[in-house]
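Read through the structure below, which is laid out as structure tokens, and then see the notes.
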Amino acid sequence: QLQFVESGGGLVHQGGSLRLSCAGPDFTSNYYAIGWFRQAPGKEREGVSCITPDGGKINYADSVKARFTISKDHAKNTVYLQINNLKPEDTAVYYCAAETATGRSCEMLIAGRYGYWGQGTQVTVSS
């Protein structure tokens, strides 16, 4: 059972930045593609970004391109989501998730592909 913990959320003013982290044993192994998703109140869960095990393929939702950056640190077993120029519409619970990597990993940001989910971290952006 893959286990991992998210952290880094908080309350920030519009235009600010946050770095979300997702860490756990084997989390950055060659077996798993890692995705970040978010869910705002009353809305469906939305795919934000994804990174393949070797980092060779990265995908972002159009709504966050140029502001969000996903990265991984193998030494720390951690995947990061750097969020810059935060907007009120970024307010949501952010989840990281893992799927057993395939050749189609990260082609699309589909929550149903991911079998392992973190507990989520709240990001709130004030205007």
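Labeling convention for the structure tokens: chains A, B, ... as they appear, residues from 1 per chain, ligands from 1 in order of appearance.
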Run DSSP on the backbone of this structure and report the residues of chain A it assigns to strand (DSSP E), as a PDB file with C-alpha atoms, in the first residue's frame.
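Now in states29.pdb:
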ATOM      1  CA  VAL A   5       1.431  12.875   3.013  1.00  0.00           C
ATOM      2  CA  GLU A   6       0.679  16.270   1.527  1.00  0.00           C
ATOM      3  CA  SER A   7       1.689  19.541   3.107  1.00  0.00           C
ATOM      4  CA  GLY A  10      -2.417  27.670   3.699  1.00  0.00           C
ATOM      5  CA  LEU A  11      -4.046  31.061   3.442  1.00  0.00           C
ATOM      6  CA  VAL A  12      -2.324  33.495   1.104  1.00  0.00           C
ATOM      7  CA  HIS A  13      -3.159  36.797  -0.482  1.00  0.00           C
ATOM      8  CA  LEU A  18       2.934  28.403  -2.171  1.00  0.00           C
ATOM      9  CA  ARG A  19       4.860  25.198  -2.571  1.00  0.00           C
ATOM     10  CA  LEU A  20       2.890  22.050  -1.938  1.00  0.00           C
ATOM     11  CA  SER A  21       4.725  18.856  -1.077  1.00  0.00           C
ATOM     12  CA  CYS A  22       3.787  15.219  -1.286  1.00  0.00           C
ATOM     13  CA  ALA A  23       6.164  12.764   0.364  1.00  0.00           C
ATOM     14  CA  TYR A  32       4.429   5.643 -10.202  1.00  0.00           C
ATOM     15  CA  ALA A  33       3.277   8.639 -12.144  1.00  0.00           C
ATOM     16  CA  ILE A  34       2.269  11.401  -9.753  1.00  0.00           C
ATOM     17  CA  GLY A  35      -0.586  13.792 -10.310  1.00  0.00           C
ATOM     18  CA  TRP A  36      -1.917  16.837  -8.534  1.00  0.00           C
ATOM     19  CA  PHE A  37      -5.636  17.482  -8.462  1.00  0.00           C
ATOM     20  CA  ARG A  38      -7.810  20.077  -6.792  1.00  0.00           C
ATOM     21  CA  GLN A  39     -11.410  20.313  -5.737  1.00  0.00           C
ATOM     22  CA  GLU A  46      -9.922  18.899 -11.487  1.00  0.00           C
ATOM     23  CA  GLY A  47      -6.585  17.641 -12.747  1.00  0.00           C
ATOM     24  CA  VAL A  48      -3.822  20.201 -12.321  1.00  0.00           C
ATOM     25  CA  SER A  49      -0.552  18.547 -13.245  1.00  0.00           C
ATOM     26  CA  CYS A  50       1.216  15.236 -13.663  1.00  0.00           C
ATOM     27  CA  ILE A  51       4.782  13.969 -13.880  1.00  0.00           C
ATOM     28  CA  ILE A  58       4.904  16.644 -17.603  1.00  0.00           C
ATOM     29  CA  ASN A  59       1.383  17.859 -18.187  1.00  0.00           C
ATOM     30  CA  TYR A  60      -0.522  20.874 -16.908  1.00  0.00           C
ATOM     31  CA  PHE A  68       2.252  26.048 -11.635  1.00  0.00           C
ATOM     32  CA  THR A  69       5.410  23.944 -11.732  1.00  0.00           C
ATOM     33  CA  ILE A  70       5.615  20.274 -10.796  1.00  0.00           C
ATOM     34  CA  SER A  71       8.921  18.711  -9.823  1.00  0.00           C
ATOM     35  CA  LYS A  72      10.308  15.779  -7.907  1.00  0.00           C
ATOM     36  CA  ASP A  73      13.230  15.187  -5.586  1.00  0.00           C
ATOM     37  CA  THR A  78       8.966  14.111  -2.580  1.00  0.00           C
ATOM     38  CA  VAL A  79       6.959  15.633  -5.400  1.00  0.00           C
ATOM     39  CA  TYR A  80       6.371  19.388  -5.324  1.00  0.00           C
ATOM     40  CA  LEU A  81       3.822  21.715  -6.829  1.00  0.00           C
ATOM     41  CA  GLN A  82       5.044  25.295  -6.940  1.00  0.00           C
ATOM     42  CA  ILE A  83       2.152  27.714  -7.325  1.00  0.00           C
ATOM     43  CA  ALA A  92      -9.455  24.419  -3.302  1.00  0.00           C
ATOM     44  CA  VAL A  93      -8.310  21.296  -1.535  1.00  0.00           C
ATOM     45  CA  TYR A  94      -5.254  20.056  -3.378  1.00  0.00           C
ATOM     46  CA  TYR A  95      -4.598  16.340  -3.594  1.00  0.00           C
ATOM     47  CA  CYS A  96      -1.655  14.375  -4.847  1.00  0.00           C
ATOM     48  CA  ALA A  97      -2.237  10.972  -6.327  1.00  0.00           C
ATOM     49  CA  ALA A  98      -0.269   8.107  -7.776  1.00  0.00           C
ATOM     50  CA  GLU A  99      -0.929   5.686 -10.587  1.00  0.00           C
ATOM     51  CA  THR A 100       1.085   2.721 -11.692  1.00  0.00           C
ATOM     52  CA  TYR A 116      -3.628   6.108  -4.511  1.00  0.00           C
ATOM     53  CA  TRP A 117      -4.662   9.411  -2.996  1.00  0.00           C
ATOM     54  CA  THR A 121      -4.172  20.139   1.754  1.00  0.00           C
ATOM     55  CA  GLN A 122      -6.283  23.289   1.777  1.00  0.00           C
ATOM     56  CA  VAL A 123      -5.225  26.296  -0.281  1.00  0.00           C
ATOM     57  CA  THR A 124      -7.185  29.492   0.299  1.00  0.00           C
ATOM     58  CA  VAL A 125      -6.478  32.650  -1.670  1.00  0.00           C
ATOM     59  CA  SER A 126      -7.872  35.951  -0.454  1.00  0.00           C
TER      60      SER A 126
END
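Using only C-alpha atoms, the protein and nucleic acid residues lying no more than 9 Å from A:Tyr31, apart from those fewer than 2 places from it along its own chain, are Asp26, Phe27, Thr28, Ser29, Ala33, Pro53, Glu99, Thr100, Ala101 and Thr102 of chain A.
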Selection export as a short mmCIF file (atom, residue, chain, number, x, y, z; two decimals), in the first residue's frame, atoms kept: N, CA, C and O atoms:
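Result file follows (selection.cif):
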data_model
loop_
_atom_site.label_atom_id
_atom_site.label_comp_id
_atom_site.auth_asym_id
_atom_site.auth_seq_id
_atom_site.Cartn_x
_atom_site.Cartn_y
_atom_site.Cartn_z
N ASP A 26 9.04 5.32 -1.25
CA ASP A 26 8.82 4.81 -2.61
C ASP A 26 8.01 5.74 -3.49
O ASP A 26 7.64 5.37 -4.60
N PHE A 27 7.73 6.93 -3.00
CA PHE A 27 6.83 7.79 -3.74
C PHE A 27 7.41 8.24 -5.07
O PHE A 27 6.69 8.49 -6.01
N THR A 28 8.69 8.38 -5.14
CA THR A 28 9.31 8.82 -6.39
C THR A 28 10.02 7.66 -7.09
O THR A 28 10.91 7.87 -7.89
N SER A 29 9.57 6.45 -6.81
CA SER A 29 10.16 5.29 -7.48
C SER A 29 9.79 5.29 -8.95
O SER A 29 9.01 6.11 -9.43
N ALA A 33 3.47 7.28 -11.67
CA ALA A 33 3.28 8.64 -12.14
C ALA A 33 2.50 9.38 -11.07
O ALA A 33 1.60 8.82 -10.44
N PRO A 53 7.42 8.93 -13.95
CA PRO A 53 8.48 8.53 -13.00
C PRO A 53 9.84 9.13 -13.30
O PRO A 53 10.56 9.52 -12.39
N GLU A 99 -0.44 6.79 -9.78
CA GLU A 99 -0.93 5.69 -10.59
C GLU A 99 0.27 4.86 -11.03
O GLU A 99 1.38 5.39 -11.21
N THR A 100 0.04 3.58 -11.16
CA THR A 100 1.08 2.72 -11.69
C THR A 100 1.39 3.19 -13.11
O THR A 100 0.51 3.25 -13.95
N ALA A 101 2.63 3.52 -13.34
CA ALA A 101 3.00 4.16 -14.61
C ALA A 101 2.83 3.22 -15.79
O ALA A 101 3.14 2.02 -15.72
N THR A 102 2.34 3.78 -16.87
CA THR A 102 2.25 3.09 -18.14
C THR A 102 2.78 4.04 -19.22
O THR A 102 3.12 5.19 -18.95
#
Point-to-point distance in Å for atom CA of A:Gly112 and atom CA of A:Asp54: 21.8 Å
Distance in Å - atom CA of A:Leu86 versus atom CA of A:Gln119: 21.7 Å
Point-to-point distance in Å for atom CA of A:Lys57 and atom CA of A:Lys43: 27.5 Å
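If you count only C-alpha atoms and ignore residues fewer than 2 places along the chain from A:Lys87, what sits within 8 Å of it is Gln14, Gly15, Asn85, Glu89, Asp90, Thr91, Val125, Ser126 and Ser127 of chain A.
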Those of chain A in DSSP helix (DSSP H, G or I), formatted as an MDAnalysis selection string: chainID A and resid 74:76 88:90 111:113
Those selected residues, please, written with C-alpha atoms and delivered as a compact mmCIF listing (two decimals), in the first residue's frame.
# COMPACT_ATOMS: atom_id res chain seq x y z
CA HIS A 74 14.15 11.52 -5.59
CA ALA A 75 16.53 11.87 -2.67
CA LYS A 76 13.69 13.19 -0.51
CA PRO A 88 -8.90 33.44 -5.70
CA GLU A 89 -10.13 30.82 -8.17
CA ASP A 90 -7.19 28.62 -7.11
CA ALA A 111 -8.66 11.23 -11.64
CA GLY A 112 -10.01 7.76 -12.32
CA ARG A 113 -6.59 6.57 -13.46
